[in-house]
Amino acid sequence: MARTQAELRRFIVDNFLYGRACRLRDDDSFLETGMIDSTGLLELVNFLEKQYGIKVEEADLVPENLDSIVRLTQFLRRKLEQPKELAGSPKLERQTA
Amino acid sequence: MCAIAGICNSKNGKVDTQALERMIGIVRHRGPDDWGIHSDNGIGLANARLSIIDLSGGHQPIHNEDRSVWITFNGEIFNYVELRKKLLSRGHVFATHSDTEVILHLYEEKGEDCVRDLNGQWALAVWDAIERKLFLSRDRLGVRPLFYTKAGENLIFSSEIKSIFAHPNIPRELDLAALDQIFTFWFTLPPRTIFKGICELPPGHSLTFEGGQVKVRPYWRLDFPTDYALSENDGIEQLVALLTDATRIRLRSDVPVGAYLSGGLDSTIVTALINKFAGGRLRTFSIGFTPSDLDESPYQKQAIDFLDTAHQQVSCGYPDVAHVFPNVIWHTEKPILRAAPAPMYLLSKLVRDNGYKVVLTGEGADEILGGYDIFKEAKIRRFWAAQPHSTTRATLLRRLYPYQSNLQKQPDAYLQRFFQASPQDLSNPFFSHLPRWELTSRLKMFFSDEVRSELSGHDAVTELYNQLPLDYFRWHSFCQAQYLETMFLLPGYILSSQGDRVALAHAVEARHPFLDYRLVEFASQIPPHLKMKVLNEKYILKRAFGHLLPATILQRPKQPYRAPDGRSFFAGFGADYVRTLLAPEKIEADGIFDSHAVSKLAEKFRAGHAIGVKDDMAIVGILSTQLVIDQFISSFQQGGSLWPEPKQSYAVS
């Protein structure tokens, strides 16, 4: 998943920081740092769906899934590796744990 | 409407009249009908005139009976008829029928206090030859612009900054603190302008230059009560009387008057009121947008049919914005973060092409009567912050910005994070505006490392805080937000970049009945709950004038004026100048922005991935800053023409 994390990081840095990544840590909150505005979330979802062929459901759209590079990577891993009906929000994941 | 310019030498030295000619020549777009210069020891006054009142007798500059007082004047005094009668009865002898001469005689009577009697929009300069004093003044709300600079023994002033630059040896350098203010608020805080050393006379202020000393004083300011006594019915009655009279006196003109008709509430009310007074069919003008989500043509049609006006519309799409943008920035003379002035530039051209030079507009209603979304947003956030765990209160956020489809698609969790406020935020004097300023400030990530380092320790919000009157902290929070909009954004962006500068680019004078100072002062006495009743904006205005409007316009959801933005400059329209100005080597040479970040942003637009407000503001802000540098600093042409020509130095592919 290290490669995916690097890819996600590159997308975030290019798209929301315009290459200026100097202080972004992988666990920094996109919302707290103000990187993602109201349309940023839509850009992010479009990217995930196009790049990785997943479907991001309405219930997935919570900061717990999407609000840092680490969280994004984990979310994507769940989406890609787990059966479709179980992938998604941490709540669903916890129920199956 | 006109342009004024002048040079005052504190040692009574000779004034460089050739420089003065260049200064007035470069702003002839504001006054193409006539021009004149008066010079004497220590003073030079110039005027470029757009003839509207007393067409044959209004040449300027003019003097009083014994030639001891001279004036050059830009604007209109709408109560000049009443003032003239009073002055005649006191023995003054008039040589013309112009409103300009009224000010001159009023100055003789009252000195600097004369401006308190004026109801209008103005930038003026009076030379008092006996006192050896120059007196400058600007109207209360800042409809008309006025800039000045001190250069050695000279005070140099003009309606536009380019005119000051037409004087030799005036340094032209960007003021980074001003840039920081624009990339926070959209405006600079007067007297600061985007150019170092060039000052803006603040609205509602006068200036004297005497014995080499510059003194700037306020003669008016917006005030709000702490207790409200006005009833709804009395409020409606007075609002009707005042707006009706404000419209009536704004029809005083020796040339035909038209109106801007956007399809919104305010301009439709003004148009309906003009119809009460004007004989014949009123001419109205509007913009139609080809991106259909911005277009208000259906509402315009309803208003036109209902009010039976003779209407003309100019169509505006992405390529049109790209095409006129360099000319627009030549007129705004400062960076802008939205492209909205560009369609207004096209609209004034439409008016002029139809042989009109005066229009009435609905500008000002949203500020004085609480129409803007930011007031609603603050009200909901405040209501929610009082009980932050209430899910019912949070659902009200869905009522905000219904026209912003991207925002409406947000899941609840995100929407709440964008608008969240905590109970301790409630006491912040900028509660209403902080989210907007924080969003705008994020654009500073594009500043180069050198600019960021230069600006470290600089805080635009503190600078604004320091300009607030003490009473501000006692006002109702709704009025605090109104004050910020009315005293800062209105003159600093709406009336200037989107108003005077782009209208006068085509010699069109706009008049704003809602900004009659009597109405502004009265509106501040209206209790906030009658301005916005629950979440119904401009409630009292709708109650007062609803019967004059089609029901669909009265009940339509509020939609602010929005224009095609960032995409205008990419996606196949490919204006040459955009490539030139955003090229990494050009960005690096100018030094304001980080070339790598700008390239990434441009790539995002070219790929069609830029869909957000932040990206839009960033590209418009960067491009307009680059145009300001290019047109006013790197390749400024001093030789303005006394015969105005359109400026078209940029090729468009």
# chains A, B, ... in the order shown; residues from 1 in each chain; ligands from 1
call {"tool": "closest_atom_pairs", "arguments": {"of": "chain A", "to": "chain B", "cutoff": "9 Å", "atoms": "only C-alpha atoms", "output": "CSV"}}
result
residue,atom,partner,partner_atom,distance
A:Asp14,CA,B:Lys600,CA,6.6
A:Asn15,CA,B:Lys604,CA,7.3
A:Leu17,CA,B:Met445,CA,7.8
A:Tyr18,CA,B:Ala597,CA,4.7
A:Gly19,CA,B:Ala597,CA,5.8
A:Arg20,CA,B:Ala597,CA,6.7
A:Leu31,CA,B:Arg417,CA,7.5
A:Gly34,CA,B:Arg442,CA,7.6
A:Met35,CA,B:Arg442,CA,8.1
A:Asp37,CA,B:Phe418,CA,7.6
A:Ser38,CA,B:Leu407,CA,5.6
A:Thr39,CA,B:Gly612,CA,5.1
A:Gly40,CA,B:Gly612,CA,6.9
A:Leu41,CA,B:Gln410,CA,7.9
A:Leu42,CA,B:Asn406,CA,7.7
A:Glu43,CA,B:His609,CA,7.5
A:Glu58,CA,B:Pro411,CA,7.5
A:Ala59,CA,B:Pro411,CA,8.8
A:Leu61,CA,B:Pro411,CA,6.5
A:Val62,CA,B:Ala413,CA,6.2
A:Pro63,CA,B:Tyr414,CA,7.4
call {"tool": "write_last_selection", "arguments": {"atoms": "C-alpha atoms", "output": "JSON list (two decimals), in the first residue's frame"}}
result
[["chain", "number", "residue", "atom", "x", "y", "z"],
["A", 14, "ASP", "CA", -0.64, 18.67, -6.65],
["A", 15, "ASN", "CA", -4.33, 19.31, -6.50],
["A", 17, "LEU", "CA", -1.36, 22.45, -2.36],
["A", 18, "TYR", "CA", -0.25, 23.10, -5.95],
["A", 19, "GLY", "CA", 3.05, 21.34, -5.33],
["A", 20, "ARG", "CA", 3.81, 23.20, -2.10],
["A", 31, "LEU", "CA", -10.26, 20.04, 7.14],
["A", 34, "GLY", "CA", -8.14, 24.23, 5.44],
["A", 35, "MET", "CA", -6.76, 22.41, 2.41],
["A", 37, "ASP", "CA", -12.96, 23.41, 0.65],
["A", 38, "SER", "CA", -16.51, 22.51, -0.28],
["A", 39, "THR", "CA", -15.63, 21.47, -3.80],
["A", 40, "GLY", "CA", -12.36, 19.81, -2.80],
["A", 41, "LEU", "CA", -14.23, 16.83, -1.44],
["A", 42, "LEU", "CA", -15.94, 16.32, -4.80],
["A", 43, "GLU", "CA", -12.60, 16.55, -6.58],
["A", 58, "GLU", "CA", -22.97, 8.44, 0.38],
["A", 59, "ALA", "CA", -22.25, 6.73, 3.72],
["A", 61, "LEU", "CA", -18.42, 10.56, 2.89],
["A", 62, "VAL", "CA", -17.26, 11.18, 6.43],
["A", 63, "PRO", "CA", -14.03, 12.73, 7.70]]
call {"tool": "select_by_dssp", "arguments": {"residues": "segment 10-206 of chain B", "states": "alpha helix (DSSP H)", "output": "PyMOL selection string"}}
result
chain B and resi 17-25+80-89+99-110+161-165+176-185
call {"tool": "residues_around", "arguments": {"residues": "Thr72 of chain B", "least_positions_apart": "5", "cutoff": "12 Å", "atoms": "only C-alpha atoms", "output": "number ranges by chain"}}
result
B: 1-7, 24, 35-39, 43-49, 58-63, 99-101, 103-104, 122-127, 134-137, 157-159
call {"tool": "atom_distance", "arguments": {"atom1": "atom CA of Ile69 of chain A", "atom2": "atom CA of Asp27 of chain A"}}
result
6.0 Å
call {"tool": "closest_residue", "arguments": {"among": "A:Leu24, A:Val56, A:Asn65, A:Leu72", "to": "Glu7 of chain A", "atoms": "only C-alpha atoms"}}
result
A:Leu72
call {"tool": "residues_around", "arguments": {"residues": "Val240 of chain B", "least_positions_apart": "3", "cutoff": "8 Å", "atoms": "only C-alpha atoms", "output": "VMD selection string"}}
result
chain B and resid 236 to 237 243 to 244 544 to 545
